[in-house]
$ cat entry.txt   # compact mmCIF, C-alpha atoms
# COMPACT_ATOMS: atom_id res chain seq x y z
CA MET A 173 -26.62 23.81 8.69
CA ALA A 174 -25.67 27.00 10.55
CA SER A 175 -26.71 26.90 14.15
CA ASN A 176 -25.62 28.24 17.48
CA VAL A 177 -27.31 25.51 19.53
CA LEU A 178 -24.90 22.79 18.51
CA PRO A 179 -21.71 22.23 20.49
CA ARG A 180 -18.69 23.50 18.57
CA SER A 181 -17.18 20.05 18.04
CA VAL A 182 -20.46 18.74 16.59
CA GLN A 183 -20.85 21.71 14.24
CA ARG A 184 -17.23 21.35 13.18
CA LEU A 185 -17.70 17.72 12.15
CA ILE A 186 -20.89 18.60 10.26
CA ASP A 187 -18.95 21.29 8.39
CA GLU A 188 -16.11 18.89 7.56
CA PHE A 189 -18.50 16.21 6.28
CA ALA A 190 -20.32 18.82 4.19
CA ARG A 191 -17.04 19.69 2.43
CA LEU A 192 -16.95 16.20 0.93
CA PRO A 193 -18.32 15.76 -2.61
CA GLY A 194 -21.93 14.53 -2.74
CA ILE A 195 -22.62 15.21 0.95
CA GLY A 196 -24.92 18.14 1.67
CA PRO A 197 -25.46 19.83 5.06
CA LYS A 198 -28.43 17.57 5.93
CA SER A 199 -26.49 14.37 5.20
CA ALA A 200 -23.51 15.79 7.08
CA ALA A 201 -25.69 16.35 10.16
CA ARG A 202 -27.17 12.85 9.83
CA LEU A 203 -23.70 11.26 9.65
CA THR A 204 -22.49 13.29 12.63
CA PHE A 205 -25.43 12.34 14.84
CA TYR A 206 -25.17 8.75 13.67
CA LEU A 207 -21.55 8.70 14.85
CA LEU A 208 -22.50 10.35 18.16
CA ARG A 209 -24.80 7.39 18.84
CA ALA A 210 -22.77 4.66 17.10
CA ALA A 211 -21.62 1.79 19.25
CA GLY A 212 -17.98 1.35 20.09
CA ASP A 213 -15.23 3.42 18.60
CA GLN A 214 -16.57 3.91 15.10
CA ALA A 215 -15.85 7.66 15.07
CA LEU A 216 -12.35 7.08 16.42
CA ASP A 217 -11.73 4.26 13.92
CA LEU A 218 -12.73 6.54 11.07
CA SER A 219 -10.57 9.31 12.55
CA ALA A 220 -7.54 7.00 12.69
CA ALA A 221 -8.13 5.71 9.15
CA LEU A 222 -8.23 9.28 7.84
CA HIS A 223 -5.08 10.14 9.74
CA ASP A 224 -3.22 7.15 8.31
CA LEU A 225 -4.39 7.85 4.77
CA LYS A 226 -2.13 10.87 4.43
CA GLU A 227 0.61 9.68 6.76
CA LYS A 228 1.15 6.25 5.22
CA THR A 229 0.40 6.64 1.51
CA THR A 230 2.46 8.18 -1.25
CA LEU A 231 2.61 8.01 -5.05
CA CYS A 232 4.83 5.37 -6.63
CA SER A 233 7.69 7.34 -8.22
CA ASN A 234 7.57 4.98 -11.18
CA CYS A 235 3.89 4.50 -12.13
CA PHE A 236 2.27 7.16 -9.87
CA ASN A 237 -0.28 4.78 -8.43
CA ILE A 238 -1.15 5.19 -4.73
CA THR A 239 1.09 3.04 -2.56
CA GLU A 240 2.47 2.57 0.95
CA GLN A 241 5.88 1.50 -0.42
CA ASP A 242 7.83 3.10 -3.25
CA PRO A 243 8.14 1.55 -5.83
CA CYS A 244 4.69 -0.04 -5.55
CA ALA A 245 3.95 -3.78 -5.43
CA ILE A 246 2.84 -3.90 -9.09
CA CYS A 247 6.03 -2.21 -10.35
CA LEU A 248 8.14 -4.65 -8.29
CA ASP A 249 6.22 -7.79 -9.35
CA ASP A 250 8.46 -9.89 -11.64
CA ASN A 251 5.55 -12.14 -12.60
CA ARG A 252 3.88 -9.35 -14.57
CA GLN A 253 4.39 -8.70 -18.30
CA ARG A 254 6.93 -5.92 -18.07
CA GLU A 255 6.83 -5.07 -21.80
CA LEU A 256 3.16 -4.08 -21.52
CA LEU A 257 2.15 -0.66 -20.17
CA CYS A 258 -1.41 0.47 -19.50
CA VAL A 259 -2.01 4.23 -19.18
CA VAL A 260 -4.99 5.21 -17.00
CA GLU A 261 -6.41 8.45 -15.66
CA GLU A 262 -6.84 7.59 -11.97
CA PRO A 263 -5.72 5.09 -9.31
CA LEU A 264 -9.31 3.78 -9.13
CA ASP A 265 -8.95 2.73 -12.79
CA VAL A 266 -6.05 0.48 -11.77
CA VAL A 267 -8.35 -1.11 -9.19
CA ALA A 268 -11.04 -1.71 -11.84
CA LEU A 269 -8.55 -3.30 -14.28
CA GLU A 270 -6.99 -5.48 -11.58
CA ARG A 271 -10.45 -6.63 -10.57
CA SER A 272 -11.12 -7.81 -14.14
CA ARG A 273 -8.00 -10.08 -13.95
CA ALA A 274 -7.65 -9.63 -17.72
CA TYR A 275 -4.47 -7.54 -17.54
CA LYS A 276 -1.09 -8.62 -16.24
CA GLY A 277 1.19 -5.80 -17.41
CA LEU A 278 2.37 -2.58 -15.74
CA TYR A 279 0.51 0.72 -15.26
CA HIS A 280 1.03 4.44 -15.59
CA VAL A 281 -1.41 6.75 -13.80
CA LEU A 282 -1.82 10.18 -15.42
CA HIS A 283 -3.81 11.68 -12.50
CA GLY A 284 -6.43 13.27 -14.70
CA ALA A 285 -7.30 13.88 -18.33
CA ILE A 286 -6.81 16.82 -20.67
CA SER A 287 -9.73 19.23 -20.23
CA PRO A 288 -9.58 22.72 -21.76
CA VAL A 289 -12.87 23.56 -19.99
CA GLU A 290 -11.35 22.88 -16.56
CA GLY A 291 -7.99 24.33 -17.59
CA ILE A 292 -6.19 20.99 -17.34
CA GLY A 293 -3.44 20.71 -19.96
CA PRO A 294 -0.90 17.95 -20.71
CA GLU A 295 1.61 19.65 -18.39
CA ASP A 296 -0.76 19.02 -15.43
CA LEU A 297 -0.67 15.26 -16.02
CA LYS A 298 2.13 12.71 -15.53
CA ILE A 299 2.87 12.73 -19.29
CA GLU A 300 6.53 13.80 -19.24
CA GLU A 301 7.07 11.06 -16.67
CA LEU A 302 5.42 8.63 -19.12
CA MET A 303 7.71 9.77 -21.97
CA ASN A 304 10.66 9.26 -19.64
CA ARG A 305 9.59 5.72 -18.74
CA LEU A 306 9.07 4.81 -22.40
CA GLN A 307 12.48 6.17 -23.41
CA HIS A 308 14.32 4.36 -20.63
CA GLY A 309 12.15 1.22 -20.39
CA ASP A 310 11.75 -1.69 -22.74
CA PHE A 311 8.06 -1.57 -23.56
CA GLY A 312 6.60 -3.30 -26.62
CA GLU A 313 3.04 -2.01 -26.27
CA VAL A 314 1.23 0.88 -24.64
CA ILE A 315 -2.51 0.44 -24.00
CA ILE A 316 -4.21 3.78 -23.55
CA ALA A 317 -7.09 3.10 -21.16
CA THR A 318 -8.60 6.53 -20.59
CA ASN A 319 -12.30 6.99 -19.89
CA ALA A 320 -14.65 6.94 -22.90
CA THR A 321 -15.37 10.64 -22.42
CA LEU A 322 -14.50 13.82 -24.31
CA GLU A 323 -11.58 14.41 -21.95
CA GLY A 324 -10.41 10.80 -22.16
CA ASP A 325 -10.52 10.90 -25.97
CA ALA A 326 -8.64 14.20 -26.05
CA THR A 327 -5.97 12.67 -23.84
CA THR A 328 -5.75 9.58 -26.09
CA LEU A 329 -5.37 11.79 -29.16
CA TYR A 330 -2.63 13.82 -27.50
CA LEU A 331 -0.76 10.71 -26.34
CA GLN A 332 -1.12 9.13 -29.79
CA ARG A 333 0.68 12.13 -31.32
CA ARG A 334 3.38 12.20 -28.66
CA LEU A 335 4.07 8.44 -28.76
CA ALA A 336 3.83 7.98 -32.55
CA GLY A 337 7.53 8.79 -32.93
CA ILE A 338 8.79 6.02 -30.65
CA GLU A 339 10.10 3.16 -32.82
CA GLY A 340 8.94 -0.42 -32.26
CA LEU A 341 6.19 0.63 -29.88
CA ARG A 342 2.69 -0.69 -30.52
CA LEU A 343 -0.03 1.77 -29.51
CA THR A 344 -3.48 0.42 -28.64
CA ARG A 345 -6.58 1.63 -26.88
CA LEU A 346 -9.36 -0.28 -25.13
CA ALA A 347 -12.02 -1.61 -27.52
CA ARG A 348 -15.18 0.41 -27.63
CA GLY A 349 -16.93 -2.16 -25.55
CA LEU A 350 -17.03 0.68 -23.01
CA SER A 351 -20.36 2.45 -22.98
CA VAL A 352 -19.73 5.87 -24.52
CA GLY A 353 -19.86 8.65 -21.92
CA GLY A 354 -19.28 6.19 -19.08
CA ASP A 355 -16.56 6.08 -16.45
CA LEU A 356 -14.01 3.28 -16.54
CA GLU A 357 -14.23 2.56 -12.84
CA TYR A 358 -17.96 1.81 -13.08
CA THR A 359 -17.59 -0.65 -15.94
CA ASP A 360 -18.42 -4.27 -15.07
CA ASP A 361 -15.65 -6.86 -15.16
CA ILE A 362 -16.81 -8.76 -18.24
CA THR A 363 -17.22 -5.66 -20.38
CA LEU A 364 -13.78 -4.57 -19.24
CA THR A 365 -12.35 -7.99 -20.14
CA ARG A 366 -13.92 -7.80 -23.63
CA ALA A 367 -12.59 -4.29 -24.08
CA LEU A 368 -9.09 -5.48 -23.18
CA GLU A 369 -9.29 -8.48 -25.55
CA GLY A 370 -10.55 -6.39 -28.46
CA ARG A 371 -8.09 -3.51 -28.04
CA GLN A 372 -7.46 -1.73 -31.33
CA SER A 373 -4.31 -0.40 -32.98
CA LEU A 374 -4.11 3.38 -33.19
CA MET B 64 -14.93 -2.91 -2.73
CA ALA B 65 -12.70 -5.86 -1.88
CA SER B 66 -9.34 -5.59 -3.54
CA ASN B 67 -5.78 -6.62 -2.94
CA VAL B 68 -4.28 -3.89 -5.14
CA LEU B 69 -5.15 -1.06 -2.82
CA PRO B 70 -2.72 -0.07 -0.05
CA ARG B 71 -4.00 -1.23 3.32
CA SER B 72 -4.57 2.29 4.65
CA VAL B 73 -6.65 3.20 1.58
CA GLN B 74 -8.74 0.05 1.81
CA ARG B 75 -9.24 0.65 5.52
CA LEU B 76 -10.64 4.14 4.97
CA ILE B 77 -12.95 2.86 2.22
CA ASP B 78 -14.23 0.20 4.64
CA GLU B 79 -14.77 2.78 7.39
CA PHE B 80 -16.67 5.14 5.08
CA ALA B 81 -18.80 2.23 3.85
CA ARG B 82 -19.90 1.54 7.43
CA LEU B 83 -21.67 4.91 7.53
CA PRO B 84 -25.42 4.94 6.74
CA GLY B 85 -26.23 5.85 3.13
CA ILE B 86 -22.67 5.42 1.89
CA GLY B 87 -22.08 2.34 -0.28
CA PRO B 88 -18.71 0.86 -1.26
CA LYS B 89 -18.52 2.89 -4.49
CA SER B 90 -19.20 6.20 -2.71
CA ALA B 91 -16.75 5.18 0.00
CA ALA B 92 -14.02 4.67 -2.63
CA ARG B 93 -14.91 8.00 -4.27
CA LEU B 94 -14.65 9.85 -0.95
CA THR B 95 -11.35 8.17 -0.13
CA PHE B 96 -9.74 9.02 -3.45
CA TYR B 97 -11.15 12.51 -3.26
CA LEU B 98 -9.39 12.96 0.09
CA LEU B 99 -6.17 11.49 -1.29
CA ARG B 100 -6.15 14.29 -3.87
CA ALA B 101 -7.73 17.04 -1.81
CA ALA B 102 -5.69 20.16 -1.25
CA GLY B 103 -4.30 20.99 2.17
CA ASP B 104 -5.13 19.04 5.27
CA GLN B 105 -8.75 18.18 4.57
CA ALA B 106 -8.34 14.51 5.56
CA LEU B 107 -6.49 15.49 8.74
CA ASP B 108 -9.08 18.17 9.56
CA LEU B 109 -11.86 15.60 9.23
CA SER B 110 -9.81 13.15 11.31
CA ALA B 111 -9.37 15.71 14.09
CA ALA B 112 -13.05 16.68 14.03
CA LEU B 113 -14.05 13.02 14.41
CA HIS B 114 -11.59 12.58 17.24
CA ASP B 115 -12.95 15.62 19.09
CA LEU B 116 -16.56 14.54 18.60
CA LYS B 117 -16.26 11.72 21.10
CA GLU B 118 -13.62 13.33 23.29
CA LYS B 119 -15.36 16.65 23.82
CA THR B 120 -19.08 15.92 23.76
CA THR B 121 -21.32 14.38 26.37
CA LEU B 122 -25.04 14.28 27.17
CA CYS B 123 -26.45 16.98 29.43
CA SER B 124 -27.34 15.16 32.66
CA ASN B 125 -30.48 17.28 32.88
CA CYS B 126 -32.08 17.36 29.41
CA PHE B 127 -29.90 14.74 27.62
CA ASN B 128 -29.13 17.00 24.69
CA ILE B 129 -25.61 16.76 23.21
CA THR B 130 -23.29 19.27 24.87
CA GLU B 131 -19.66 20.11 25.58
CA GLN B 132 -20.51 21.36 29.06
CA ASP B 133 -22.82 19.74 31.61
CA PRO B 134 -25.43 21.12 32.26
CA CYS B 135 -25.87 22.42 28.71
CA ALA B 136 -26.19 26.08 27.70
CA ILE B 137 -29.99 25.84 27.24
CA CYS B 138 -30.54 24.35 30.72
CA LEU B 139 -28.37 27.10 32.23
CA ASP B 140 -30.02 29.98 30.31
CA ASP B 141 -32.06 32.09 32.76
CA ASN B 142 -33.70 33.99 29.90
CA ARG B 143 -35.66 30.93 28.81
CA GLN B 144 -39.18 30.07 30.01
CA ARG B 145 -38.30 27.55 32.71
CA GLU B 146 -41.89 26.43 33.31
CA LEU B 147 -42.16 25.13 29.72
CA LEU B 148 -40.72 21.75 28.74
CA CYS B 149 -40.56 20.37 25.20
CA VAL B 150 -40.02 16.60 24.85
CA VAL B 151 -38.30 15.53 21.60
CA GLU B 152 -36.95 12.28 20.20
CA GLU B 153 -33.48 13.36 19.06
CA PRO B 154 -30.89 16.14 19.53
CA LEU B 155 -31.42 17.13 15.87
CA ASP B 156 -35.03 17.95 16.79
CA VAL B 157 -33.75 20.52 19.29
CA VAL B 158 -31.73 22.07 16.47
CA ALA B 159 -34.84 22.24 14.26
CA LEU B 160 -36.94 23.86 17.01
CA GLU B 161 -34.22 26.36 17.91
CA ARG B 162 -33.92 27.28 14.24
CA SER B 163 -37.64 28.13 14.12
CA ARG B 164 -37.11 30.66 16.97
CA ALA B 165 -40.72 29.98 18.02
CA TYR B 166 -39.83 28.21 21.25
CA LYS B 167 -38.08 29.67 24.29
CA GLY B 168 -38.59 26.97 26.92
CA LEU B 169 -36.48 24.01 28.02
CA TYR B 170 -36.05 20.60 26.38
CA HIS B 171 -35.97 16.92 27.22
CA VAL B 172 -34.42 14.54 24.68
CA LEU B 173 -35.79 10.97 24.79
CA HIS B 174 -33.12 9.53 22.43
CA GLY B 175 -35.59 7.56 20.38
CA ALA B 176 -39.26 6.61 20.21
CA ILE B 177 -41.22 3.57 21.30
CA SER B 178 -41.08 0.96 18.54
CA PRO B 179 -42.22 -2.62 19.21
CA VAL B 180 -40.97 -3.61 15.74
CA GLU B 181 -37.42 -2.54 16.57
CA GLY B 182 -37.76 -3.75 20.14
CA ILE B 183 -37.48 -0.26 21.63
CA GLY B 184 -39.59 0.07 24.76
CA PRO B 185 -40.17 2.96 27.22
CA GLU B 186 -37.30 1.65 29.38
CA ASP B 187 -34.85 2.30 26.50
CA LEU B 188 -35.76 5.99 26.41
CA LYS B 189 -35.02 8.80 28.88
CA ILE B 190 -38.57 8.58 30.27
CA GLU B 191 -37.80 7.83 33.95
CA GLU B 192 -35.42 10.80 33.80
CA LEU B 193 -38.31 12.89 32.44
CA MET B 194 -40.62 11.75 35.29
CA ASN B 195 -37.89 12.66 37.73
CA ARG B 196 -37.49 16.15 36.26
CA LEU B 197 -41.25 16.74 36.35
CA GLN B 198 -41.54 15.63 39.95
CA HIS B 199 -38.68 17.79 41.14
CA GLY B 200 -39.08 20.73 38.74
CA ASP B 201 -41.69 23.43 38.53
CA PHE B 202 -43.12 22.93 35.08
CA GLY B 203 -46.53 24.28 34.05
CA GLU B 204 -46.68 22.72 30.57
CA VAL B 205 -45.11 19.82 28.72
CA ILE B 206 -45.17 19.98 24.92
CA ILE B 207 -44.73 16.53 23.42
CA ALA B 208 -42.94 17.14 20.12
CA THR B 209 -42.32 13.63 18.79
CA ASN B 210 -42.22 12.89 15.07
CA ALA B 211 -45.58 12.53 13.29
CA THR B 212 -44.91 8.83 12.77
CA LEU B 213 -46.33 5.63 14.18
CA GLU B 214 -43.47 5.45 16.69
CA GLY B 215 -43.81 9.12 17.60
CA ASP B 216 -47.56 8.74 18.18
CA ALA B 217 -47.03 5.61 20.28
CA THR B 218 -44.55 7.54 22.40
CA THR B 219 -46.99 10.45 22.80
CA LEU B 220 -49.74 8.07 23.86
CA TYR B 221 -47.47 6.42 26.40
CA LEU B 222 -46.28 9.75 27.80
CA GLN B 223 -49.87 11.05 27.95
CA ARG B 224 -50.81 8.11 30.22
CA ARG B 225 -47.72 8.47 32.39
CA LEU B 226 -48.04 12.24 32.81
CA ALA B 227 -51.83 12.41 33.24
CA GLY B 228 -51.50 11.89 36.99
CA ILE B 229 -49.30 14.92 37.60
CA GLU B 230 -51.43 17.71 39.06
CA GLY B 231 -51.40 21.20 37.56
CA LEU B 232 -49.46 20.10 34.50
CA ARG B 233 -50.79 21.07 31.09
CA LEU B 234 -50.04 18.46 28.42
CA THR B 235 -49.90 19.55 24.76
CA ARG B 236 -48.58 18.23 21.51
CA LEU B 237 -47.49 20.00 18.32
CA ALA B 238 -50.40 20.92 16.01
CA ARG B 239 -50.87 18.64 13.07
CA GLY B 240 -49.33 21.21 10.83
CA LEU B 241 -46.64 18.58 10.48
CA SER B 242 -47.05 16.50 7.37
CA VAL B 243 -48.13 13.05 8.54
CA GLY B 244 -45.37 10.47 8.17
CA GLY B 245 -42.71 13.16 8.02
CA ASP B 246 -39.64 13.69 10.17
CA LEU B 247 -39.54 16.67 12.52
CA GLU B 248 -36.00 17.65 11.62
CA TYR B 249 -36.89 18.09 7.92
CA THR B 250 -39.87 20.36 8.61
CA ASP B 251 -39.44 23.93 7.38
CA ASP B 252 -39.28 26.75 9.91
CA ILE B 253 -42.68 28.33 9.15
CA THR B 254 -44.59 25.03 9.36
CA LEU B 255 -42.81 24.35 12.60
CA THR B 256 -43.76 27.80 13.92
CA ARG B 257 -47.43 27.22 12.99
CA ALA B 258 -47.36 23.82 14.63
CA LEU B 259 -46.00 25.37 17.82
CA GLU B 260 -48.59 28.17 17.83
CA GLY B 261 -51.50 25.76 17.27
CA ARG B 262 -50.44 23.14 19.81
CA GLN B 263 -53.41 21.18 21.15
CA SER B 264 -54.42 20.04 24.62
CA LEU B 265 -54.28 16.31 25.16

$ encode --input "entry.txt" --output "structure tokens"
Amino acid sequence: MASNVLPRSVQRLIDEFARLPGIGPKSAARLTFYLLRAAGDQALDLSAALHDLKEKTTLCSNCFNITEQDPCAICLDDNRQRELLCVVEEPLDVVALERSRAYKGLYHVLHGAISPVEGIGPEDLKIEELMNRLQHGDFGEVIIATNATLEGDATTLYLQRRLAGIEGLRLTRLARGLSVGGDLEYTDDITLTRALEGRQSL
Amino acid sequence: MASNVLPRSVQRLIDEFARLPGIGPKSAARLTFYLLRAAGDQALDLSAALHDLKEKTTLCSNCFNITEQDPCAICLDDNRQRELLCVVEEPLDVVALERSRAYKGLYHVLHGAISPVEGIGPEDLKIEELMNRLQHGDFGEVIIATNATLEGDATTLYLQRRLAGIEGLRLTRLARGLSVGGDLEYTDDITLTRALEGRQSL
């Protein structure tokens, strides 16, 4: 919403909100005026949380999940099944799988999926880092848990080819309990549990 | 989204986003992870804008619009029709009216409307401040530009009674070009212009 009646600091916050995905100029203005009237320090709390997000978080140098300590808590946890590795597209997928409580192994976050349309190739993902972990680690099984989308399937296919040569490594993917075309992070816990239980050999 | 896998700073930002109106826990997580991956300093820019919002803005002690300087630019503008006063519910309504370019007078922002259901009475609005301005100012006409809602109409009725006693003051309201039940800030510029032109005596 372009306007020269609004104070600069108000317009600036509207513009920043409108840069976020799924928030248009009208919603951005609504959020801004809501915060102007909100009780207490809600705007300042949000400001501080945003500031800390970038200052305090980093990627785990091992699994590339978001973390405040490197290596992350999951990579350091000796109670997890360390011979089991689950490859996901995004950190939010780790959250979804942890929520299901059906998986107790380690993770590897690719940070995306292969997408020729968007110009994302294997070299843009954490795939060489995955190869490195598999060569130096002692994994018995890799579960490829990409989204059930075109891009997720393309990534699975690519990983299948790359990992086929590693001896003694079982390759699986999540059972097609996932609704086709759906996003992993929106899958309910039970469906996700079933998909983990029924994982299929590649 | 409650979770013990997420770093504290990430969870904290998700919680803060989820406190905003119209943003659920899923959207809050999406926004947070978007900002984690966003190029440049987008999270820090948003953080700074939020910080400045509360630090730099105040209410004009005259018209109660949001401003960085008190009195605000509109109250100080000698080119405006200073005998004309438009009473609105919210600062966003001032933005809508300014955008229509059909109004060149001054404003008074009530910061709400009378709503027995929500327990908002006349004493919660900037109505005594309005009476004060009218007694000490030199206004020839007051345009009551509340929303075309139950609450807006109740506020108009109340103001009509309170202001009826002031001699030589013309009382008008926006023409019912507004769609009934609609919000003033979402009205398109032309409808708003027509509503201003056809304003009716009370």

$ closest_residue --input "entry.txt" --among "B:Ile206, B:Leu116, B:Ala81, B:Leu169" --to "B:Asn142" --atoms "only C-alpha atoms"
B:Leu169

$ residues_around --input "entry.txt" --residues "A:Glu227" --least-positions-apart "4" --cutoff "12 Å" --atoms "only C-alpha atoms" --output "ChimeraX atom specification"
/A:220-223,239-240 /B:72-73,99,104,106-107,110

$ residues_near_point --input "entry.txt" --point "(-48.0, 21.7, 20.2)" --cutoff "12 Å" --atoms "all atoms listed in the file" --output "MDAnalysis selection string"
chainID B and resid 147:151 160 165:166 204:211 219 233:241 254:265

$ residues_around --input "entry.txt" --residues "B:Lys89" --least-positions-apart "3" --cutoff "9 Å" --atoms "only C-alpha atoms" --output "list in words"
Tyr358 of chain A; Met64, Ile77, Ala81, Ile86, Ala92, Arg93 and Leu94 of chain B

$ write_last_selection --input "entry.txt" --atoms "C-alpha atoms" --output "PDB file, in the coordinates of the input"
ATOM      1  CA  TYR A 358     -17.960   1.810 -13.080  1.00  0.00           C
TER       2      TYR A 358
ATOM      3  CA  MET B  64     -14.930  -2.910  -2.730  1.00  0.00           C
ATOM      4  CA  ILE B  77     -12.950   2.860   2.220  1.00  0.00           C
ATOM      5  CA  ALA B  81     -18.800   2.230   3.850  1.00  0.00           C
ATOM      6  CA  ILE B  86     -22.670   5.420   1.890  1.00  0.00           C
ATOM      7  CA  ALA B  92     -14.020   4.670  -2.630  1.00  0.00           C
ATOM      8  CA  ARG B  93     -14.910   8.000  -4.270  1.00  0.00           C
ATOM      9  CA  LEU B  94     -14.650   9.850  -0.950  1.00  0.00           C
TER      10      LEU B  94
END

$ atom_distance --input "entry.txt" --atom1 "atom CA of B:Pro154" --atom2 "atom CA of B:Lys119"
16.1 Å

$ axis_aligned_box --input "entry.txt" --around "stretch 299-305 of chain A" --padding-each-side "4 Å" --output "JSON"
{"center_x": 6.8, "center_y": 9.8, "center_z": -19.3, "size_x": 15.8, "size_y": 16.1, "size_z": 13.3}

$ atom_distance --input "entry.txt" --atom1 "atom CA of A:His280" --atom2 "atom CA of A:Asn234"
7.9 Å

$ atom_distance --input "entry.txt" --atom1 "atom CA of A:Phe236" --atom2 "atom CA of A:Val266"
10.8 Å

$ closest_residue --input "entry.txt" --among "A:Thr230, A:Thr321, A:Gln253, A:Thr204" --to "A:Leu218" --atoms "all atoms listed in the file"
A:Thr204

$ residues_around --input "entry.txt" --residues "A:Glu323" --least-positions-apart "2" --cutoff "8 Å" --atoms "only C-alpha atoms" --output "PDB file with C-alpha atoms, in the coordinates of the input"
ATOM      1  CA  ALA A 285      -7.300  13.880 -18.330  1.00  0.00           C
ATOM      2  CA  ILE A 286      -6.810  16.820 -20.670  1.00  0.00           C
ATOM      3  CA  SER A 287      -9.730  19.230 -20.230  1.00  0.00           C
ATOM      4  CA  ASN A 319     -12.300   6.990 -19.890  1.00  0.00           C
ATOM      5  CA  THR A 321     -15.370  10.640 -22.420  1.00  0.00           C
ATOM      6  CA  ASP A 325     -10.520  10.900 -25.970  1.00  0.00           C
ATOM      7  CA  ALA A 326      -8.640  14.200 -26.050  1.00  0.00           C
ATOM      8  CA  THR A 327      -5.970  12.670 -23.840  1.00  0.00           C
TER       9      THR A 327
END

$ residues_around --input "entry.txt" --residues "B:Val158" --least-positions-apart "2" --cutoff "9 Å" --atoms "all atoms listed in the file" --output "VMD selection string"
(chain A and resid 175 to 178) or (chain B and resid 154 to 156 160 to 163 248)

$ write_last_selection --input "entry.txt" --atoms "C-alpha atoms" --output "mmCIF file, in the frame of the given file"
data_model
loop_
_atom_site.group_PDB
_atom_site.id
_atom_site.type_symbol
_atom_site.label_atom_id
_atom_site.label_comp_id
_atom_site.auth_asym_id
_atom_site.auth_seq_id
_atom_site.Cartn_x
_atom_site.Cartn_y
_atom_site.Cartn_z
ATOM 1 C CA SER A 175 -26.710 26.900 14.150
ATOM 2 C CA ASN A 176 -25.620 28.240 17.480
ATOM 3 C CA VAL A 177 -27.310 25.510 19.530
ATOM 4 C CA LEU A 178 -24.900 22.790 18.510
ATOM 5 C CA PRO B 154 -30.890 16.140 19.530
ATOM 6 C CA LEU B 155 -31.420 17.130 15.870
ATOM 7 C CA ASP B 156 -35.030 17.950 16.790
ATOM 8 C CA LEU B 160 -36.940 23.860 17.010
ATOM 9 C CA GLU B 161 -34.220 26.360 17.910
ATOM 10 C CA ARG B 162 -33.920 27.280 14.240
ATOM 11 C CA SER B 163 -37.640 28.130 14.120
ATOM 12 C CA GLU B 248 -36.000 17.650 11.620
#

$ build_atoms --input "entry.txt" --residues "stretch 110-119 of chain B" --atoms "N, CA, C and O atoms" --output "PDB file, in the coordinates of the input"
ATOM      1  N   SER B 110     -10.278  14.090  10.281  1.00  0.00           N
ATOM      2  CA  SER B 110      -9.810  13.150  11.310  1.00  0.00           C
ATOM      3  C   SER B 110      -9.870  13.786  12.692  1.00  0.00           C
ATOM      4  O   SER B 110     -10.367  13.198  13.654  1.00  0.00           O
ATOM      5  N   ALA B 111      -9.383  15.016  12.800  1.00  0.00           N
ATOM      6  CA  ALA B 111      -9.370  15.710  14.090  1.00  0.00           C
ATOM      7  C   ALA B 111     -10.780  15.996  14.581  1.00  0.00           C
ATOM      8  O   ALA B 111     -11.084  15.862  15.775  1.00  0.00           O
ATOM      9  N   ALA B 112     -11.663  16.379  13.654  1.00  0.00           N
ATOM     10  CA  ALA B 112     -13.050  16.680  14.030  1.00  0.00           C
ATOM     11  C   ALA B 112     -13.741  15.432  14.575  1.00  0.00           C
ATOM     12  O   ALA B 112     -14.500  15.502  15.545  1.00  0.00           O
ATOM     13  N   LEU B 113     -13.469  14.284  13.948  1.00  0.00           N
ATOM     14  CA  LEU B 113     -14.050  13.020  14.410  1.00  0.00           C
ATOM     15  C   LEU B 113     -13.518  12.657  15.781  1.00  0.00           C
ATOM     16  O   LEU B 113     -14.253  12.165  16.641  1.00  0.00           O
ATOM     17  N   HIS B 114     -12.227  12.893  15.964  1.00  0.00           N
ATOM     18  CA  HIS B 114     -11.590  12.580  17.240  1.00  0.00           C
ATOM     19  C   HIS B 114     -12.228  13.405  18.358  1.00  0.00           C
ATOM     20  O   HIS B 114     -12.573  12.897  19.419  1.00  0.00           O
ATOM     21  N   ASP B 115     -12.395  14.721  18.080  1.00  0.00           N
ATOM     22  CA  ASP B 115     -12.950  15.620  19.090  1.00  0.00           C
ATOM     23  C   ASP B 115     -14.403  15.316  19.402  1.00  0.00           C
ATOM     24  O   ASP B 115     -14.872  15.577  20.512  1.00  0.00           O
ATOM     25  N   LEU B 116     -15.135  14.795  18.399  1.00  0.00           N
ATOM     26  CA  LEU B 116     -16.560  14.540  18.600  1.00  0.00           C
ATOM     27  C   LEU B 116     -16.791  13.709  19.847  1.00  0.00           C
ATOM     28  O   LEU B 116     -17.617  14.057  20.700  1.00  0.00           O
ATOM     29  N   LYS B 117     -16.048  12.609  19.961  1.00  0.00           N
ATOM     30  CA  LYS B 117     -16.260  11.720  21.100  1.00  0.00           C
ATOM     31  C   LYS B 117     -15.541  12.223  22.349  1.00  0.00           C
ATOM     32  O   LYS B 117     -15.990  11.986  23.461  1.00  0.00           O
ATOM     33  N   GLU B 118     -14.408  12.882  22.144  1.00  0.00           N
ATOM     34  CA  GLU B 118     -13.620  13.330  23.290  1.00  0.00           C
ATOM     35  C   GLU B 118     -14.284  14.495  24.010  1.00  0.00           C
ATOM     36  O   GLU B 118     -14.226  14.607  25.225  1.00  0.00           O
ATOM     37  N   LYS B 119     -14.893  15.390  23.245  1.00  0.00           N
ATOM     38  CA  LYS B 119     -15.360  16.650  23.820  1.00  0.00           C
ATOM     39  C   LYS B 119     -16.841  16.712  24.135  1.00  0.00           C
ATOM     40  O   LYS B 119     -17.289  17.583  24.860  1.00  0.00           O
TER      41      LYS B 119
END
